[in-house]
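K.L.:
Provided below: query_9.json, containing JSON, C-alpha atoms and all ligand atoms.
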[["chain", "number", "residue", "atom", "x", "y", "z"],
["A", 1, "MET", "CA", 91.71, 94.01, 49.52],
["A", 2, "ASN", "CA", 95.25, 93.68, 50.94],
["A", 3, "ALA", "CA", 97.66, 96.63, 50.54],
["A", 4, "PRO", "CA", 100.62, 95.95, 48.23],
["A", 5, "PRO", "CA", 103.64, 94.78, 50.30],
["A", 6, "ASP", "CA", 105.79, 97.83, 49.45],
["A", 7, "GLU", "CA", 103.14, 100.33, 50.60],
["A", 8, "PRO", "CA", 103.41, 101.52, 54.22],
["A", 9, "GLN", "CA", 100.64, 100.05, 56.40],
["A", 10, "ALA", "CA", 98.48, 102.51, 58.36],
["A", 11, "THR", "CA", 99.42, 102.37, 62.03],
["A", 12, "HIS", "CA", 97.46, 103.64, 65.01],
["A", 13, "ASP", "CA", 99.40, 106.60, 66.40],
["A", 14, "GLU", "CA", 98.08, 107.62, 69.84],
["A", 15, "ASN", "CA", 100.21, 110.78, 69.83],
["A", 16, "ALA", "CA", 98.36, 112.00, 66.76],
["A", 17, "GLU", "CA", 94.95, 111.68, 68.47],
["A", 18, "THR", "CA", 93.86, 114.53, 70.68],
["A", 19, "THR", "CA", 91.31, 114.94, 73.41],
["A", 20, "HIS", "CA", 90.27, 117.55, 75.94],
["A", 21, "PHE", "CA", 91.89, 118.37, 79.23],
["A", 22, "GLY", "CA", 89.48, 121.05, 80.39],
["A", 23, "PHE", "CA", 89.49, 123.67, 77.61],
["A", 24, "GLN", "CA", 92.90, 122.59, 76.29],
["A", 25, "ASP", "CA", 93.37, 120.11, 73.45],
["A", 26, "VAL", "CA", 96.04, 117.59, 74.49],
["A", 27, "PRO", "CA", 97.40, 114.34, 72.98],
["A", 28, "LEU", "CA", 95.15, 111.46, 74.01],
["A", 29, "ALA", "CA", 98.16, 109.71, 75.55],
["A", 30, "ALA", "CA", 98.91, 112.75, 77.77],
["A", 31, "LYS", "CA", 95.49, 113.23, 79.38],
["A", 32, "GLN", "CA", 95.68, 110.53, 82.06],
["A", 33, "SER", "CA", 98.82, 111.88, 83.71],
["A", 34, "LEU", "CA", 97.37, 115.42, 83.73],
["A", 35, "VAL", "CA", 94.21, 114.07, 85.41],
["A", 36, "ASP", "CA", 96.32, 112.08, 87.88],
["A", 37, "ASP", "CA", 98.19, 115.26, 88.89],
["A", 38, "VAL", "CA", 94.85, 116.96, 89.64],
["A", 39, "PHE", "CA", 93.65, 114.23, 91.99],
["A", 40, "HIS", "CA", 97.07, 113.76, 93.56],
["A", 41, "SER", "CA", 96.99, 117.45, 94.47],
["A", 42, "VAL", "CA", 93.47, 117.50, 95.98],
["A", 43, "ALA", "CA", 93.11, 113.96, 97.45],
["A", 44, "ASN", "CA", 93.37, 114.99, 101.12],
["A", 45, "ARG", "CA", 90.78, 117.75, 100.83],
["A", 46, "TYR", "CA", 88.65, 116.08, 98.13],
["A", 47, "ASP", "CA", 85.65, 115.15, 100.31],
["A", 48, "LEU", "CA", 85.60, 118.49, 102.13],
["A", 49, "MET", "CA", 85.70, 120.34, 98.80],
["A", 50, "ASN", "CA", 82.75, 118.31, 97.48],
["A", 51, "ASP", "CA", 80.65, 119.47, 100.42],
["A", 52, "LEU", "CA", 81.76, 123.10, 100.13],
["A", 53, "MET", "CA", 81.41, 123.39, 96.35],
["A", 54, "SER", "CA", 78.03, 121.72, 96.09],
["A", 55, "GLY", "CA", 76.61, 123.00, 99.39],
["A", 56, "GLY", "CA", 76.14, 119.33, 100.34],
["A", 57, "LEU", "CA", 74.12, 118.59, 97.19],
["A", 58, "HIS", "CA", 76.55, 115.88, 96.04],
["A", 59, "ARG", "CA", 75.20, 113.78, 98.91],
["A", 60, "ALA", "CA", 71.64, 113.92, 97.53],
["A", 61, "TRP", "CA", 72.89, 113.18, 93.99],
["A", 62, "LYS", "CA", 74.81, 110.14, 95.25],
["A", 63, "GLU", "CA", 71.76, 108.96, 97.19],
["A", 64, "ALA", "CA", 69.77, 109.09, 93.91],
["A", 65, "LEU", "CA", 72.42, 106.82, 92.42],
["A", 66, "VAL", "CA", 72.18, 104.43, 95.37],
["A", 67, "THR", "CA", 68.38, 104.32, 94.97],
["A", 68, "ALA", "CA", 68.87, 103.36, 91.30],
["A", 69, "VAL", "CA", 71.34, 100.62, 92.26],
["A", 70, "ASN", "CA", 68.84, 99.40, 94.85],
["A", 71, "PRO", "CA", 71.08, 96.88, 96.63],
["A", 72, "PRO", "CA", 68.95, 94.03, 98.05],
["A", 73, "ARG", "CA", 68.91, 93.43, 101.79],
["A", 74, "GLY", "CA", 68.17, 89.69, 101.69],
["A", 75, "ARG", "CA", 70.84, 88.26, 99.38],
["A", 76, "SER", "CA", 74.41, 88.71, 98.25],
["A", 77, "PHE", "CA", 75.17, 91.62, 95.95],
["A", 78, "SER", "CA", 78.45, 92.77, 94.44],
["A", 79, "LEU", "CA", 79.11, 96.34, 93.39],
["A", 80, "LEU", "CA", 81.99, 97.69, 91.36],
["A", 81, "ASP", "CA", 82.45, 101.44, 91.79],
["A", 82, "LEU", "CA", 84.67, 102.78, 89.01],
["A", 83, "ALA", "CA", 86.82, 105.85, 89.57],
["A", 84, "GLY", "CA", 85.55, 105.42, 93.11],
["A", 85, "GLY", "CA", 88.24, 107.61, 94.71],
["A", 86, "THR", "CA", 87.74, 107.94, 98.44],
["A", 87, "GLY", "CA", 84.92, 105.35, 98.46],
["A", 88, "ASP", "CA", 81.99, 107.72, 98.99],
["A", 89, "VAL", "CA", 79.57, 105.88, 96.68],
["A", 90, "ALA", "CA", 80.68, 102.44, 97.86],
["A", 91, "PHE", "CA", 80.10, 103.34, 101.54],
["A", 92, "ARG", "CA", 76.60, 104.52, 100.68],
["A", 93, "VAL", "CA", 75.73, 101.35, 98.74],
["A", 94, "LEU", "CA", 77.05, 99.20, 101.60],
["A", 95, "ALA", "CA", 74.95, 101.16, 104.09],
["A", 96, "ALA", "CA", 71.82, 100.69, 101.96],
["A", 97, "GLY", "CA", 72.35, 96.99, 101.23],
["A", 98, "GLY", "CA", 72.19, 93.92, 103.45],
["A", 99, "GLY", "CA", 75.08, 92.22, 105.26],
["A", 100, "ALA", "CA", 75.97, 90.23, 102.13],
["A", 101, "THR", "CA", 76.63, 93.34, 100.04],
["A", 102, "ARG", "CA", 80.24, 93.71, 98.86],
["A", 103, "ALA", "CA", 81.86, 96.67, 97.16],
["A", 104, "THR", "CA", 85.02, 96.98, 95.11],
["A", 105, "VAL", "CA", 86.36, 100.49, 94.51],
["A", 106, "VAL", "CA", 88.64, 100.87, 91.51],
["A", 107, "ASP", "CA", 90.61, 104.03, 90.97],
["A", 108, "ILE", "CA", 93.77, 104.84, 89.05],
["A", 109, "ASN", "CA", 95.02, 107.21, 91.74],
["A", 110, "PRO", "CA", 96.71, 105.69, 94.83],
["A", 111, "ASP", "CA", 96.33, 108.93, 96.80],
["A", 112, "MET", "CA", 92.54, 108.90, 96.45],
["A", 113, "LEU", "CA", 92.44, 105.19, 97.38],
["A", 114, "ALA", "CA", 94.63, 105.82, 100.45],
["A", 115, "VAL", "CA", 92.07, 108.32, 101.77],
["A", 116, "GLY", "CA", 89.33, 105.73, 101.11],
["A", 117, "ARG", "CA", 91.20, 103.00, 102.98],
["A", 118, "GLU", "CA", 91.67, 105.34, 105.97],
["A", 119, "ARG", "CA", 87.94, 106.16, 105.95],
["A", 120, "ALA", "CA", 87.04, 102.44, 105.85],
["A", 121, "ALA", "CA", 89.40, 101.72, 108.77],
["A", 122, "ALA", "CA", 88.07, 104.68, 110.80],
["A", 123, "ARG", "CA", 84.48, 103.46, 110.29],
["A", 124, "GLY", "CA", 85.36, 99.81, 110.94],
["A", 125, "ARG", "CA", 83.73, 99.13, 107.58],
["A", 126, "ALA", "CA", 84.19, 95.60, 106.21],
["A", 127, "GLY", "CA", 83.05, 94.31, 102.81],
["A", 128, "ILE", "CA", 84.95, 96.93, 100.82],
["A", 129, "ALA", "CA", 88.10, 96.47, 98.74],
["A", 130, "PHE", "CA", 90.17, 99.27, 97.21],
["A", 131, "VAL", "CA", 91.91, 98.30, 93.98],
["A", 132, "GLU", "CA", 94.29, 100.42, 91.94],
["A", 133, "GLY", "CA", 93.32, 100.09, 88.29],
["A", 134, "ASN", "CA", 92.31, 101.79, 85.08],
["A", 135, "ALA", "CA", 88.62, 101.92, 84.16],
["A", 136, "GLU", "CA", 89.67, 101.40, 80.53],
["A", 137, "SER", "CA", 91.12, 97.97, 81.26],
["A", 138, "LEU", "CA", 89.65, 96.30, 84.33],
["A", 139, "PRO", "CA", 91.43, 93.49, 86.19],
["A", 140, "PHE", "CA", 88.23, 91.42, 86.64],
["A", 141, "PRO", "CA", 86.67, 88.48, 84.78],
["A", 142, "ASP", "CA", 83.62, 88.86, 82.56],
["A", 143, "ARG", "CA", 80.19, 89.06, 84.26],
["A", 144, "SER", "CA", 81.57, 89.37, 87.81],
["A", 145, "PHE", "CA", 79.46, 92.20, 89.33],
["A", 146, "ASP", "CA", 75.74, 92.77, 89.91],
["A", 147, "ALA", "CA", 76.08, 96.53, 89.44],
["A", 148, "VAL", "CA", 78.74, 98.90, 88.13],
["A", 149, "THR", "CA", 78.66, 102.56, 89.13],
["A", 150, "ILE", "CA", 80.76, 105.60, 88.31],
["A", 151, "ALA", "CA", 80.17, 108.99, 89.93],
["A", 152, "PHE", "CA", 81.83, 112.12, 88.58],
["A", 153, "GLY", "CA", 84.50, 109.88, 87.10],
["A", 154, "ILE", "CA", 83.73, 109.18, 83.46],
["A", 155, "ARG", "CA", 84.61, 112.65, 82.16],
["A", 156, "ASN", "CA", 88.12, 112.22, 83.59],
["A", 157, "VAL", "CA", 88.75, 108.97, 81.70],
["A", 158, "PRO", "CA", 90.57, 109.59, 78.40],
["A", 159, "ARG", "CA", 88.96, 106.72, 76.43],
["A", 160, "ILE", "CA", 85.32, 106.84, 77.53],
["A", 161, "GLU", "CA", 84.24, 104.22, 74.97],
["A", 162, "ALA", "CA", 86.78, 101.74, 76.38],
["A", 163, "ALA", "CA", 85.56, 102.33, 79.95],
["A", 164, "LEU", "CA", 81.91, 101.81, 78.95],
["A", 165, "ALA", "CA", 82.78, 98.58, 77.11],
["A", 166, "GLU", "CA", 84.68, 97.35, 80.18],
["A", 167, "ALA", "CA", 81.79, 98.25, 82.50],
["A", 168, "ARG", "CA", 79.46, 96.16, 80.33],
["A", 169, "ARG", "CA", 81.94, 93.28, 80.12],
["A", 170, "VAL", "CA", 82.26, 92.87, 83.90],
["A", 171, "LEU", "CA", 78.50, 93.22, 84.54],
["A", 172, "ALA", "CA", 76.48, 90.06, 85.15],
["A", 173, "ILE", "CA", 73.63, 89.44, 82.73],
["A", 174, "GLY", "CA", 70.72, 91.45, 84.13],
["A", 175, "GLY", "CA", 73.12, 93.81, 85.93],
["A", 176, "ARG", "CA", 72.81, 97.58, 85.90],
["A", 177, "PHE", "CA", 75.29, 100.31, 85.04],
["A", 178, "VAL", "CA", 74.60, 103.64, 86.74],
["A", 179, "CYS", "CA", 76.59, 106.77, 86.04],
["A", 180, "LEU", "CA", 76.32, 110.10, 87.80],
["A", 181, "GLU", "CA", 77.98, 112.94, 85.94],
["A", 182, "PHE", "CA", 77.83, 116.70, 85.61],
["A", 183, "SER", "CA", 75.58, 117.63, 82.75],
["A", 184, "THR", "CA", 74.15, 120.54, 80.80],
["A", 185, "VAL", "CA", 72.22, 123.30, 82.56],
["A", 186, "ASP", "CA", 69.52, 124.43, 80.15],
["A", 187, "MET", "CA", 67.44, 126.69, 82.44],
["A", 188, "PRO", "CA", 68.20, 130.31, 81.33],
["A", 189, "GLY", "CA", 68.25, 131.93, 84.82],
["A", 190, "LEU", "CA", 70.17, 129.10, 86.42],
["A", 191, "HIS", "CA", 72.63, 128.97, 83.51],
["A", 192, "ALA", "CA", 74.07, 132.47, 84.11],
["A", 193, "LEU", "CA", 74.25, 131.96, 87.87],
["A", 194, "TYR", "CA", 75.86, 128.54, 87.44],
["A", 195, "ASP", "CA", 78.48, 129.93, 85.04],
["A", 196, "PHE", "CA", 79.35, 132.76, 87.41],
["A", 197, "TYR", "CA", 79.63, 130.37, 90.34],
["A", 198, "SER", "CA", 81.64, 127.81, 88.34],
["A", 199, "PHE", "CA", 84.23, 130.11, 86.80],
["A", 200, "ASN", "CA", 84.64, 132.55, 89.69],
["A", 201, "VAL", "CA", 83.71, 130.99, 93.01],
["A", 202, "ILE", "CA", 84.87, 127.38, 92.57],
["A", 203, "PRO", "CA", 88.52, 128.06, 91.57],
["A", 204, "ALA", "CA", 88.81, 130.63, 94.40],
["A", 205, "LEU", "CA", 87.37, 128.12, 96.87],
["A", 206, "GLY", "CA", 89.76, 125.48, 95.48],
["A", 207, "ARG", "CA", 92.72, 127.81, 96.04],
["A", 208, "PHE", "CA", 91.62, 128.57, 99.60],
["A", 209, "VAL", "CA", 90.92, 124.96, 100.66],
["A", 210, "THR", "CA", 93.44, 122.91, 98.68],
["A", 211, "GLY", "CA", 95.96, 125.54, 97.54],
["A", 212, "ASP", "CA", 95.24, 124.51, 93.94],
["A", 213, "ALA", "CA", 92.93, 126.76, 91.91],
["A", 214, "GLU", "CA", 94.02, 125.11, 88.64],
["A", 215, "ALA", "CA", 92.67, 121.71, 89.71],
["A", 216, "TYR", "CA", 89.24, 123.25, 90.19],
["A", 217, "ARG", "CA", 89.48, 125.26, 86.97],
["A", 218, "TYR", "CA", 90.01, 121.89, 85.25],
["A", 219, "LEU", "CA", 86.92, 120.55, 87.02],
["A", 220, "VAL", "CA", 84.74, 123.39, 85.74],
["A", 221, "GLU", "CA", 86.15, 123.28, 82.20],
["A", 222, "SER", "CA", 85.91, 119.49, 81.94],
["A", 223, "ILE", "CA", 82.21, 119.72, 82.84],
["A", 224, "ARG", "CA", 81.65, 122.08, 79.89],
["A", 225, "ARG", "CA", 83.46, 119.73, 77.49],
["A", 226, "PHE", "CA", 81.56, 116.60, 78.55],
["A", 227, "PRO", "CA", 78.99, 115.41, 75.94],
["A", 228, "ARG", "CA", 75.36, 116.40, 76.35],
["A", 229, "PRO", "CA", 73.30, 113.70, 78.08],
["A", 230, "GLU", "CA", 71.66, 112.57, 74.81],
["A", 231, "SER", "CA", 75.12, 112.02, 73.26],
["A", 232, "PHE", "CA", 76.41, 110.20, 76.30],
["A", 233, "ALA", "CA", 73.32, 107.95, 76.21],
["A", 234, "GLY", "CA", 74.26, 107.18, 72.59],
["A", 235, "MET", "CA", 77.79, 106.20, 73.71],
["A", 236, "MET", "CA", 76.29, 103.87, 76.32],
["A", 237, "ARG", "CA", 74.13, 102.22, 73.64],
["A", 238, "ALA", "CA", 77.14, 101.91, 71.32],
["A", 239, "ALA", "CA", 78.96, 100.07, 74.15],
["A", 240, "GLY", "CA", 76.18, 97.48, 74.11],
["A", 241, "LEU", "CA", 74.17, 98.62, 77.13],
["A", 242, "ALA", "CA", 70.39, 98.20, 76.84],
["A", 243, "ARG", "CA", 67.34, 100.14, 78.06],
["A", 244, "VAL", "CA", 69.51, 103.24, 78.32],
["A", 245, "SER", "CA", 67.95, 106.26, 80.00],
["A", 246, "PHE", "CA", 68.96, 109.41, 81.86],
["A", 247, "ARG", "CA", 67.37, 111.80, 84.31],
["A", 248, "PRO", "CA", 68.54, 115.40, 84.90],
["A", 249, "LEU", "CA", 68.85, 116.40, 88.57],
["A", 250, "THR", "CA", 68.92, 119.95, 90.03],
["A", 251, "GLY", "CA", 68.09, 121.73, 86.77],
["A", 252, "GLY", "CA", 70.55, 119.61, 84.78],
["A", 253, "ILE", "CA", 73.62, 120.38, 86.91],
["A", 254, "VAL", "CA", 74.06, 116.62, 87.00],
["A", 255, "ALA", "CA", 72.41, 113.69, 85.20],
["A", 256, "LEU", "CA", 71.85, 110.15, 86.37],
["A", 257, "HIS", "CA", 72.44, 107.73, 83.48],
["A", 258, "SER", "CA", 71.35, 104.12, 83.52],
["A", 259, "GLY", "CA", 71.78, 101.10, 81.28],
["A", 260, "TRP", "CA", 71.52, 97.34, 81.61],
["A", 261, "ARG", "CA", 73.46, 94.34, 80.45],
["A", 262, "LEU", "CA", 70.77, 92.10, 78.98],
["A", 301, "LIG", "N1", 83.62, 108.71, 92.47],
["A", 301, "LIG", "C1", 84.24, 109.52, 93.48],
["A", 301, "LIG", "C2", 83.24, 110.49, 94.05],
["A", 301, "LIG", "O1", 82.18, 110.66, 93.45],
["A", 301, "LIG", "O2", 83.50, 111.09, 95.10],
["A", 301, "LIG", "C3", 85.48, 110.24, 92.96],
["A", 301, "LIG", "C4", 85.26, 111.08, 91.73],
["A", 301, "LIG", "S1", 86.65, 112.09, 91.31],
["A", 301, "LIG", "C5", 85.90, 113.52, 90.69],
["A", 301, "LIG", "C6", 87.24, 111.33, 89.85],
["A", 301, "LIG", "C7", 88.09, 110.10, 90.07],
["A", 301, "LIG", "O3", 88.36, 109.48, 88.82],
["A", 301, "LIG", "C8", 89.46, 110.37, 90.71],
["A", 301, "LIG", "O4", 89.59, 109.66, 91.90],
["A", 301, "LIG", "C9", 90.46, 109.87, 89.66],
["A", 301, "LIG", "O5", 91.64, 109.35, 90.16],
["A", 301, "LIG", "C10", 89.62, 108.83, 88.94],
["A", 301, "LIG", "N2", 90.09, 108.45, 87.60],
["A", 301, "LIG", "C11", 90.50, 109.27, 86.60],
["A", 301, "LIG", "N3", 90.84, 108.55, 85.52],
["A", 301, "LIG", "C12", 90.64, 107.23, 85.83],
["A", 301, "LIG", "C13", 90.80, 106.02, 85.13],
["A", 301, "LIG", "N4", 91.25, 105.99, 83.87],
["A", 301, "LIG", "N5", 90.48, 104.85, 85.75],
["A", 301, "LIG", "C14", 90.04, 104.86, 87.03],
["A", 301, "LIG", "N6", 89.88, 105.99, 87.76],
["A", 301, "LIG", "C15", 90.17, 107.17, 87.17]]
Transcribe the structure of this file into structure tokens.
P.N.:
Amino acid sequence: MNAPPDEPQATHDENAETTHFGFQDVPLAAKQSLVDDVFHSVANRYDLMNDLMSGGLHRAWKEALVTAVNPPRGRSFSLLDLAGGTGDVAFRVLAAGGGATRATVVDINPDMLAVGRERAAARGRAGIAFVEGNAESLPFPDRSFDAVTIAFGIRNVPRIEAALAEARRVLAIGGRFVCLEFSTVDMPGLHALYDFYSFNVIPALGRFVTGDAEAYRYLVESIRRFPRPESFAGMMRAAGLARVSFRPLTGGIVALHSGWRL
């Protein structure tokens, strides 16, 4: 039924919607610039911090993602790595695939992309493009990639549903979406140790290495606010992805999520 003409129409007010920025509730429209400030501040030390914080484990987690993507060696293959930052996942997929593998890294933060471009130049790595863009609204046609990945990126995106819908849209039919994200530690002994490490050691390490403890406090808090893996799997299904599954790694510190465009 149409509303009477003299009655005010309901409008969508983004400032009225809130979301999380770590443990703070913030207007949905404000989150992206807060996230951008974090990655602007840490871009130059981002890769070093990943190694220090995770004791090198992030490398094994990313290799599990690459195994799931399984780039073929004998034919062309196009990867889109969302929130790809300094290109770490894309470099790994290129190394695993054949000579006809191509990777496009999309990230909203020019400082992270600049580090990625320098890494590509230093390695003489071809077949990789760095594109500034928002995962919520991708500048690519429908069905243009064989695989779409996102590692430790989705919890930073304000409108997760929009990013998942975009990932599905740009996937070729039969293509796979693979997402690596921090998850929920359910092992009692590990839980206490992990909390102590997260809330005490990581911000102090962040202050020492990057001069920015707050950026790493955000990291730890945002992990706690991210949906449990079962809920995130539900969001992937709601976005239209099929055969959705997830696998906890390292006691649930991270989870590898997978879905297909069928
Ligand atoms: N994927 C890389 C890795 O695993 O090393 C970088 C992950 S880093 C924790 C998160 C990245 O998400 C940052 O580079 C940040 O700029 C990016 N990001 C945040 N919001 C975004 C958005 N709306 N669209 C695209 N990238 C975004």
K.L.:
Which protein, DNA or RNA residues have an atom within 6 Å of ligand LIG 301 (chain A), counting all atoms listed in the file, as a ChimeraX atom specification?
P.N.:
/A:36,39,83-85,88,107-109,112,133-136,150-153,156-157
K.L.:
What is the distance, in Å and to one decimal place, between CA of Gly174 (chain A) and CA of Leu262 (chain A)?
P.N.:
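Distance reported for this atom pair: 5.2 Å.
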K.L.:
Between A:Arg102, A:Arg217, A:Arg224, A:Arg176, which has the minimum distance to Ser258 (chain A) (counting only C-alpha atoms)?
P.N.:
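Looking at the shortest contact to Ser258 (chain A), the residue is A:Arg176.
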K.L.:
Kindly provide, as JSON, numbers by chain, the polymer residues lying within 10 Å of (70.5, 99.6, 91.4), counting only C-alpha atoms and using the coordinates exactly as they appear in the file.
P.N.:
{"A": [64, 65, 66, 67, 68, 69, 70, 71, 72, 79, 93, 146, 147, 148, 149, 175, 176, 177, 178, 258]}
K.L.:
Using the file's own x, y and z axes, what box holds all listed atoms of region 71-88 of chain A with 3 Å on each side, keeping edges along x, y and z, and what are its centre and edge lengths in Å to one decimal, as lines of an AutoDock Vina configuration file?
P.N.:
center_x = 78.2
center_y = 98.1
center_z = 95.4
size_x = 26.1
size_y = 25.7
size_z = 18.8
K.L.:
What's the separation between CA of Gly240 (chain A) and CA of Leu171 (chain A), in Å to one decimal place?
P.N.:
11.5 Å
